[in-house]
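Here is the file upload_5.cif (mmCIF, C-alpha atoms).
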data_input
#
loop_
_atom_site.label_atom_id
_atom_site.label_comp_id
_atom_site.auth_asym_id
_atom_site.auth_seq_id
_atom_site.Cartn_x
_atom_site.Cartn_y
_atom_site.Cartn_z
CA ARG A 13 64.42 121.50 30.40
CA LEU A 14 67.61 123.49 30.87
CA HIS A 15 69.42 120.58 32.53
CA SER A 16 69.99 118.87 29.20
CA LEU A 17 71.25 122.11 27.71
CA PHE A 18 73.72 122.60 30.55
CA ASN A 19 75.02 119.04 30.14
CA ASN A 20 75.51 119.70 26.43
CA MET A 21 77.34 122.91 27.32
CA ASN A 22 79.70 121.18 29.73
CA GLY A 23 80.46 118.45 27.22
CA ALA A 24 81.03 120.95 24.42
CA THR A 25 83.34 123.02 26.62
CA LYS A 26 85.42 119.97 27.54
CA LYS A 27 85.61 118.80 23.92
CA ARG A 28 86.70 122.22 22.77
CA ALA A 29 89.40 122.47 25.46
CA GLN A 30 90.66 118.98 24.59
CA ALA A 31 90.75 119.78 20.86
CA LYS A 32 92.56 123.06 21.59
CA SER A 33 95.26 121.38 23.67
CA GLU A 34 95.69 118.67 21.01
CA ALA A 35 96.05 121.30 18.27
CA ASP A 36 98.59 123.23 20.38
CA ASN A 37 100.67 120.10 20.97
CA LEU A 38 100.66 119.26 17.26
CA LYS A 39 101.63 122.85 16.42
CA LYS A 40 104.69 122.44 18.67
CA LYS A 41 105.52 119.22 16.86
CA VAL A 42 105.27 120.95 13.45
CA ASP A 43 107.51 123.76 14.69
CA LYS A 44 110.01 121.24 16.02
CA TYR A 45 110.26 119.47 12.64
CA TYR A 46 110.45 122.78 10.81
CA ASN A 47 113.36 124.00 12.93
CA GLN A 48 115.44 120.82 12.43
CA TYR A 49 118.20 120.79 9.88
CA PRO A 50 117.87 119.02 7.55
CA ILE A 51 114.05 119.05 7.62
CA PRO A 52 112.58 115.53 7.77
CA ILE A 53 110.13 116.07 4.91
CA GLU A 54 107.89 113.05 5.49
CA LYS A 55 107.55 113.62 9.23
CA TYR A 56 106.97 117.34 8.66
CA LYS A 57 104.23 116.77 6.04
CA ASN A 58 102.57 114.16 8.25
CA ALA A 59 102.66 116.52 11.28
CA VAL A 60 101.21 119.40 9.22
CA LYS A 61 98.40 117.12 8.01
CA ILE A 62 97.56 115.94 11.54
CA HIS A 63 97.75 119.52 12.86
CA LYS A 64 95.31 120.67 10.20
CA GLU A 65 92.85 117.90 11.20
CA ALA A 66 93.19 118.81 14.87
CA THR A 67 92.57 122.49 14.06
CA GLU A 68 89.42 121.51 12.16
CA ARG A 69 88.22 119.42 15.12
CA HIS A 70 88.82 122.42 17.38
CA SER A 71 86.84 124.75 15.11
CA LYS A 72 83.97 122.20 14.97
CA ALA A 73 83.98 121.89 18.76
CA HIS A 74 83.99 125.68 19.02
CA ASP A 75 81.04 125.96 16.63
CA ASN A 76 79.13 123.33 18.63
CA LEU A 77 79.79 125.29 21.79
CA LEU A 78 78.49 128.49 20.18
CA ASN A 79 75.36 126.64 19.02
CA ASP A 80 74.78 125.35 22.55
CA LEU A 81 75.16 128.87 23.89
CA ARG A 82 72.51 130.08 21.47
CA CYS A 83 70.19 127.28 22.58
CA ILE A 84 70.68 128.20 26.23
CA SER A 85 70.10 131.84 25.46
CA LYS A 86 66.80 131.04 23.77
CA GLY A 87 65.88 128.41 26.35
CA LYS A 88 66.42 130.62 29.36
CA TYR A 89 63.88 133.15 28.13
CA ASP A 90 61.32 130.41 27.56
CA PHE A 91 62.08 128.95 30.99
CA PHE A 92 62.40 132.05 33.14
CA GLU A 93 59.80 134.35 31.59
CA PRO A 94 56.77 132.59 33.16
CA CYS A 95 58.58 132.50 36.53
CA LEU A 96 59.29 136.22 36.44
CA GLU A 97 55.74 137.01 35.33
CA SER A 98 54.25 135.06 38.22
CA LEU A 99 56.71 136.69 40.65
CA LEU A 100 55.73 140.17 39.46
CA LEU A 101 52.02 139.37 39.72
CA ALA A 102 52.47 138.01 43.24
CA GLN A 103 54.37 141.13 44.31
CA LEU A 104 51.75 143.37 42.74
CA THR A 105 48.86 141.68 44.55
CA TYR A 106 50.82 141.69 47.83
CA TYR A 107 51.55 145.41 47.69
CA LYS A 108 47.98 146.20 46.65
CA ARG A 109 46.68 144.36 49.71
CA VAL A 110 49.21 146.08 51.97
CA TRP A 111 48.19 149.47 50.60
CA LYS A 112 44.48 148.74 51.03
CA THR A 113 45.11 147.63 54.59
CA LEU A 114 47.34 150.53 55.61
CA GLU A 115 45.74 153.40 53.69
CA PRO A 116 43.14 154.31 56.35
CA ALA A 117 45.76 154.21 59.10
CA ILE A 118 48.12 156.39 57.07
CA HIS A 119 45.44 159.03 56.51
CA GLU A 120 44.51 158.98 60.19
CA VAL A 121 48.14 159.39 61.28
CA GLU A 122 48.71 162.20 58.78
CA SER A 123 45.66 164.16 59.95
CA THR A 124 46.48 163.83 63.67
CA GLU A 125 50.15 164.42 62.98
CA THR A 126 49.57 167.85 61.43
CA LEU A 127 47.54 168.98 64.47
CA SER A 128 49.98 167.61 67.01
CA THR A 129 52.97 168.91 65.03
CA ALA A 130 51.64 172.46 65.13
CA ALA A 131 51.01 172.22 68.89
CA ASN A 132 54.46 170.73 69.52
CA MET A 133 56.17 173.42 67.46
CA GLU A 134 54.41 176.13 69.42
CA ARG A 135 55.47 174.51 72.69
CA LEU A 136 59.08 174.23 71.49
CA ARG A 137 59.14 177.89 70.49
CA SER A 138 58.08 178.86 73.98
CA LEU A 139 61.09 177.06 75.48
CA SER A 140 64.32 178.99 75.89
CA ILE A 141 66.33 176.13 74.32
CA VAL A 142 64.88 176.85 70.93
CA THR A 143 65.53 180.59 71.04
CA GLY A 144 69.26 180.11 70.52
CA PRO A 145 72.45 180.33 72.59
CA GLN A 146 72.76 184.14 72.40
CA ASN A 147 69.38 184.71 74.00
CA ASN A 148 70.10 182.15 76.71
CA LEU A 149 73.39 183.92 77.51
CA LYS A 150 71.64 187.30 77.72
CA ALA A 151 68.94 185.85 79.95
CA ARG A 152 71.56 184.37 82.31
CA MET A 153 73.50 187.64 82.42
CA MET A 154 70.34 189.58 83.22
CA SER A 155 69.38 187.16 85.96
CA ARG A 156 72.87 187.49 87.53
CA LYS A 157 72.73 191.30 87.47
CA SER A 158 69.30 191.37 89.04
CA SER A 159 70.31 188.89 91.74
CA LYS A 160 73.25 191.08 92.94
CA ALA A 161 72.46 193.46 95.73
CA PRO A 162 72.66 197.16 94.86
CA ALA A 163 75.79 198.97 96.10
CA PRO A 164 75.40 201.26 99.13
CA PRO A 165 75.08 204.98 98.35
CA SER A 166 78.18 205.93 100.29
CA ALA A 167 80.39 203.77 98.06
CA MET A 168 79.19 205.63 95.02
CA SER A 169 80.40 209.00 96.14
#
For the file at hand, write its structure as structure tokens.
Amino acid sequence: RLHSLFNNMNGATKKRAQAKSEADNLKKKVDKYYNQYPIPIEKYKNAVKIHKEATERHSKAHDNLLNDLRCISKGKYDFFEPCLESLLLAQLTYYKRVWKTLEPAIHEVESTETLSTAANMERLRSLSIVTGPQNNLKARMMSRKSSKAPAPPSAMS
């Protein structure tokens, strides 16, 4: 359906561009005759008349192009609306089925995850890594002090 509209659009665009270039060339010709001294009256009047006709052809081509654009605008909604509706319905049914399939598994994972998360957090807290770098440093310092042998009593006096 839209193929014919696009062909009309391409043709209208080409016609408008052709009419525009023709009108521009004739405008140059009118300017050329106007700037001559003495002005060739007959040639000037004839060029003005032809330029006016070319300008009218350009405006008609432009109007046709605008009409084709309106047709495409209306046609695309008629063409694409059913496609988009069916796409949305297909996506909706797909995601409903996915949810129905995965919902029990999601609930099972969530319930086991909360139990295992609490146990894992407790285990991590018991490790010295989690307690922070200051506590690890203190623990190392204490272990070094306790590993050194005590000084003999004679050295103290």
Taking (103.4, 123.2, 18.8) in the coordinates of the supplied file, I want to know which residues reach to within 12 Å of it, counting all atoms listed in the file; could you give the answer as a list in words?
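With a cut-off of 12 Å, the residues come to Lys32, Ser33, Glu34, Ala35, Asp36, Asn37, Leu38, Lys39, Lys40, Lys41, Val42, Asp43, Lys44, Tyr45, Tyr46, Asn47, Ala59, Val60, Ile62, His63, Ala66 and Thr67 of chain A.
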Using all atoms listed in the file, which residue out of A:Ser123, A:Asn20, A:Thr105, A:Gln30 lies closest to Ser71 in chain A?
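Checking each of A:Ser123, A:Asn20, A:Thr105, A:Gln30 against Ser71 in chain A, counting all atoms listed in the file, the winner is A:Gln30.
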Interatomic distance, CA of Gln103 in chain A to CA of Gly87 in chain A (Å, one decimal):
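Between these atoms lies a distance of 24.8 Å.
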Which residue, A:Gln48, A:Asn79, A:Asn58, A:Asn132, has the smallest gap to Met21 in chain A when you use all atoms listed in the file?
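When distances to Met21 in chain A are compared using all atoms listed in the file, the smallest one comes from A:Asn79.
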Report, in Å to a single decimal, how far apart CA of Lys26 in chain A and CA of His74 in chain A are.
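It comes out at 10.4 Å.
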For CA of Phe91 in chain A and CA of Arg28 in chain A, the interatomic separation in Å (one decimal):
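Result for CA of Phe91 in chain A versus CA of Arg28 in chain A: 26.8 Å, one decimal.
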Box centre and edge lengths (Å, one decimal), axis-aligned, range 54-66 of chain A plus 6 Å each side, as lines of an AutoDock Vina configuration file:
center_x = 100.4
center_y = 116.9
center_z = 10.2
size_x = 27.0
size_y = 19.6
size_z = 21.4
